[in-house]
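S.K.: Structure incoming, see below.
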Amino acid sequence: MGTKSREVIYGSRLRGLVMDAASAREEAIAAVRRGDRAEAEAWSLRMEGFGGPAQPSPTLGQCLNGGLAWLEVECMRCKTRAGLSLVYIRRPRDTPTWKLEASLRCRACATPRRRAPARIIKLTAEREIPQRPWDGADPDEV
Ligand SMILES: [Zn+2]
């Protein structure tokens with residue numbers, strides 16, 4: 001049996017299996033993404049529609065992987081709303097999204113001594129409202 005017959009016997013089966021493995025992995029990645037999207041949308045809807053509970057929530061990484069990369073928040077005092085990009089929030093990607101709420105502070109109605117807390121409204125795929133005047137509202141800067 002020479003090289004040619006090995007190719008005949010094994011070659012096409014091998015190539016087929018390599019392709020099957022690659023497409024199965026792509027499907028798995030897409031399935032995880034759909035799961036992350038659905039979980040993030042469900043949490044967002046619960047927050048917007050029922051006001052919570054905020055826990056448990058998807059992680060920052062799950063929201064981003066699911067394509068919901070914007071967090072809409074509202075100041076509890078002046079009711080200013082803002083869209084924050086989850087991409088630029090400097091927290092580990094496995095941080096539960098609800099944990100951000102505690103460190104959100106409004107700069108629109110800030111005084112030197114006090115900045116009002118904010119609450120999470122919902123997640124969105126695109127920025128739906130301007131980021132200003134919340135440009136500096138990154139939780140890590142509070
Ligand atoms: Zn405010």
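If you're wondering about the labels, chains in the structure tokens are A, B, ... by order shown, residues count from 1 in each chain, ligands from 1 in order shown.
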Would you list the residues that come within 7 Å of ligand 1? Count only C-alpha atoms and all ligand atoms and give the answer as a ChimeraX atom specification.
M.R.: /A:75-80,106-110,116
S.K.: Excluding Arg127 of chain A and any residue of its chain fewer than 3 positions from it, enumerate the residues within 12 Å of it, using only C-alpha atoms, and give them as a PyMOL selection string.
M.R.: chain A and resi 67-73+81-86+122-124+130-132
S.K.: For each of A:Cys63, A:Ile9, A:Ala24, A:Leu104, take the minimum atom-to-atom distance to Ser44 of chain A, counting only C-alpha atoms, then give the residue where this is smallest.
M.R.: A:Cys63
S.K.: Identify which of the residues A:Arg25, A:Arg113, A:Arg119, A:Lys99 lies closest to Pro58 of chain A, counting only C-alpha atoms when measuring atom-to-atom distances.
M.R.: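 Once distances to Pro58 of chain A are computed over only C-alpha atoms, the minimum belongs to A:Lys99.
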S.K.: Do you have the atom CA of Glu101 of chain A-atom CA of Ile120 of chain A distance handy?
M.R.: 6.3 Å
S.K.: DSSP says strand (DSSP E or B) for which residues of chain A? Put them as a PyMOL selection string?
M.R.: chain A and resi 59+70-75+81-85+96+105+117-124
S.K.: Filtering to N, CA and C atoms, could you give me those residues as a PDB file, in the first residue's frame?
M.R.:
ATOM      1  N   THR A  59     -22.699  38.887  33.443  1.00  0.00           N
ATOM      2  CA  THR A  59     -21.440  39.593  33.668  1.00  0.00           C
ATOM      3  C   THR A  59     -21.229  40.625  32.566  1.00  0.00           C
ATOM      4  N   TRP A  70     -24.089  48.691  25.862  1.00  0.00           N
ATOM      5  CA  TRP A  70     -24.390  49.991  26.464  1.00  0.00           C
ATOM      6  C   TRP A  70     -25.302  49.834  27.657  1.00  0.00           C
ATOM      7  N   LEU A  71     -24.973  50.578  28.697  1.00  0.00           N
ATOM      8  CA  LEU A  71     -25.763  50.555  29.917  1.00  0.00           C
ATOM      9  C   LEU A  71     -26.422  51.915  30.066  1.00  0.00           C
ATOM     10  N   GLU A  72     -27.761  51.902  30.106  1.00  0.00           N
ATOM     11  CA  GLU A  72     -28.466  53.167  30.315  1.00  0.00           C
ATOM     12  C   GLU A  72     -28.730  53.340  31.797  1.00  0.00           C
ATOM     13  N   VAL A  73     -28.314  54.491  32.317  1.00  0.00           N
ATOM     14  CA  VAL A  73     -28.455  54.746  33.756  1.00  0.00           C
ATOM     15  C   VAL A  73     -29.174  56.078  33.979  1.00  0.00           C
ATOM     16  N   GLU A  74     -29.729  56.213  35.175  1.00  0.00           N
ATOM     17  CA  GLU A  74     -30.469  57.436  35.501  1.00  0.00           C
ATOM     18  C   GLU A  74     -30.081  57.921  36.885  1.00  0.00           C
ATOM     19  N   CYS A  75     -29.821  59.210  36.969  1.00  0.00           N
ATOM     20  CA  CYS A  75     -29.508  59.812  38.268  1.00  0.00           C
ATOM     21  C   CYS A  75     -30.749  59.768  39.158  1.00  0.00           C
ATOM     22  N   ARG A  81     -30.467  61.017  32.287  1.00  0.00           N
ATOM     23  CA  ARG A  81     -30.126  59.673  31.817  1.00  0.00           C
ATOM     24  C   ARG A  81     -28.863  59.731  30.972  1.00  0.00           C
ATOM     25  N   ALA A  82     -28.122  58.644  30.985  1.00  0.00           N
ATOM     26  CA  ALA A  82     -26.900  58.575  30.186  1.00  0.00           C
ATOM     27  C   ALA A  82     -26.645  57.152  29.744  1.00  0.00           C
ATOM     28  N   GLY A  83     -25.955  57.033  28.625  1.00  0.00           N
ATOM     29  CA  GLY A  83     -25.544  55.724  28.138  1.00  0.00           C
ATOM     30  C   GLY A  83     -24.053  55.529  28.381  1.00  0.00           C
ATOM     31  N   LEU A  84     -23.725  54.483  29.096  1.00  0.00           N
ATOM     32  CA  LEU A  84     -22.312  54.195  29.377  1.00  0.00           C
ATOM     33  C   LEU A  84     -21.874  52.996  28.539  1.00  0.00           C
ATOM     34  N   SER A  85     -20.708  53.121  27.937  1.00  0.00           N
ATOM     35  CA  SER A  85     -20.173  52.005  27.162  1.00  0.00           C
ATOM     36  C   SER A  85     -19.511  50.995  28.093  1.00  0.00           C
ATOM     37  N   PRO A  96     -20.164  40.862  37.732  1.00  0.00           N
ATOM     38  CA  PRO A  96     -21.611  40.917  37.484  1.00  0.00           C
ATOM     39  C   PRO A  96     -22.031  42.369  37.229  1.00  0.00           C
ATOM     40  N   ARG A 105     -22.107  57.478  39.759  1.00  0.00           N
ATOM     41  CA  ARG A 105     -22.404  58.778  40.361  1.00  0.00           C
ATOM     42  C   ARG A 105     -22.669  59.776  39.263  1.00  0.00           C
ATOM     43  N   PRO A 117     -26.222  59.250  43.608  1.00  0.00           N
ATOM     44  CA  PRO A 117     -26.151  57.906  43.043  1.00  0.00           C
ATOM     45  C   PRO A 117     -27.072  57.759  41.836  1.00  0.00           C
ATOM     46  N   ALA A 118     -26.861  56.718  41.077  1.00  0.00           N
ATOM     47  CA  ALA A 118     -27.670  56.474  39.886  1.00  0.00           C
ATOM     48  C   ALA A 118     -28.131  55.021  39.885  1.00  0.00           C
ATOM     49  N   ARG A 119     -29.161  54.790  39.092  1.00  0.00           N
ATOM     50  CA  ARG A 119     -29.636  53.410  38.999  1.00  0.00           C
ATOM     51  C   ARG A 119     -29.586  52.941  37.555  1.00  0.00           C
ATOM     52  N   ILE A 120     -29.524  51.640  37.404  1.00  0.00           N
ATOM     53  CA  ILE A 120     -29.475  51.045  36.074  1.00  0.00           C
ATOM     54  C   ILE A 120     -30.882  50.974  35.499  1.00  0.00           C
ATOM     55  N   ILE A 121     -31.036  51.451  34.273  1.00  0.00           N
ATOM     56  CA  ILE A 121     -32.325  51.365  33.598  1.00  0.00           C
ATOM     57  C   ILE A 121     -32.395  50.109  32.732  1.00  0.00           C
ATOM     58  N   LYS A 122     -31.438  49.979  31.817  1.00  0.00           N
ATOM     59  CA  LYS A 122     -31.463  48.840  30.900  1.00  0.00           C
ATOM     60  C   LYS A 122     -30.154  48.742  30.125  1.00  0.00           C
ATOM     61  N   LEU A 123     -30.021  47.648  29.397  1.00  0.00           N
ATOM     62  CA  LEU A 123     -28.907  47.451  28.464  1.00  0.00           C
ATOM     63  C   LEU A 123     -29.398  47.727  27.057  1.00  0.00           C
ATOM     64  N   THR A 124     -28.518  48.268  26.223  1.00  0.00           N
ATOM     65  CA  THR A 124     -28.885  48.462  24.820  1.00  0.00           C
ATOM     66  C   THR A 124     -27.724  48.051  23.917  1.00  0.00           C
TER      67      THR A 124
END
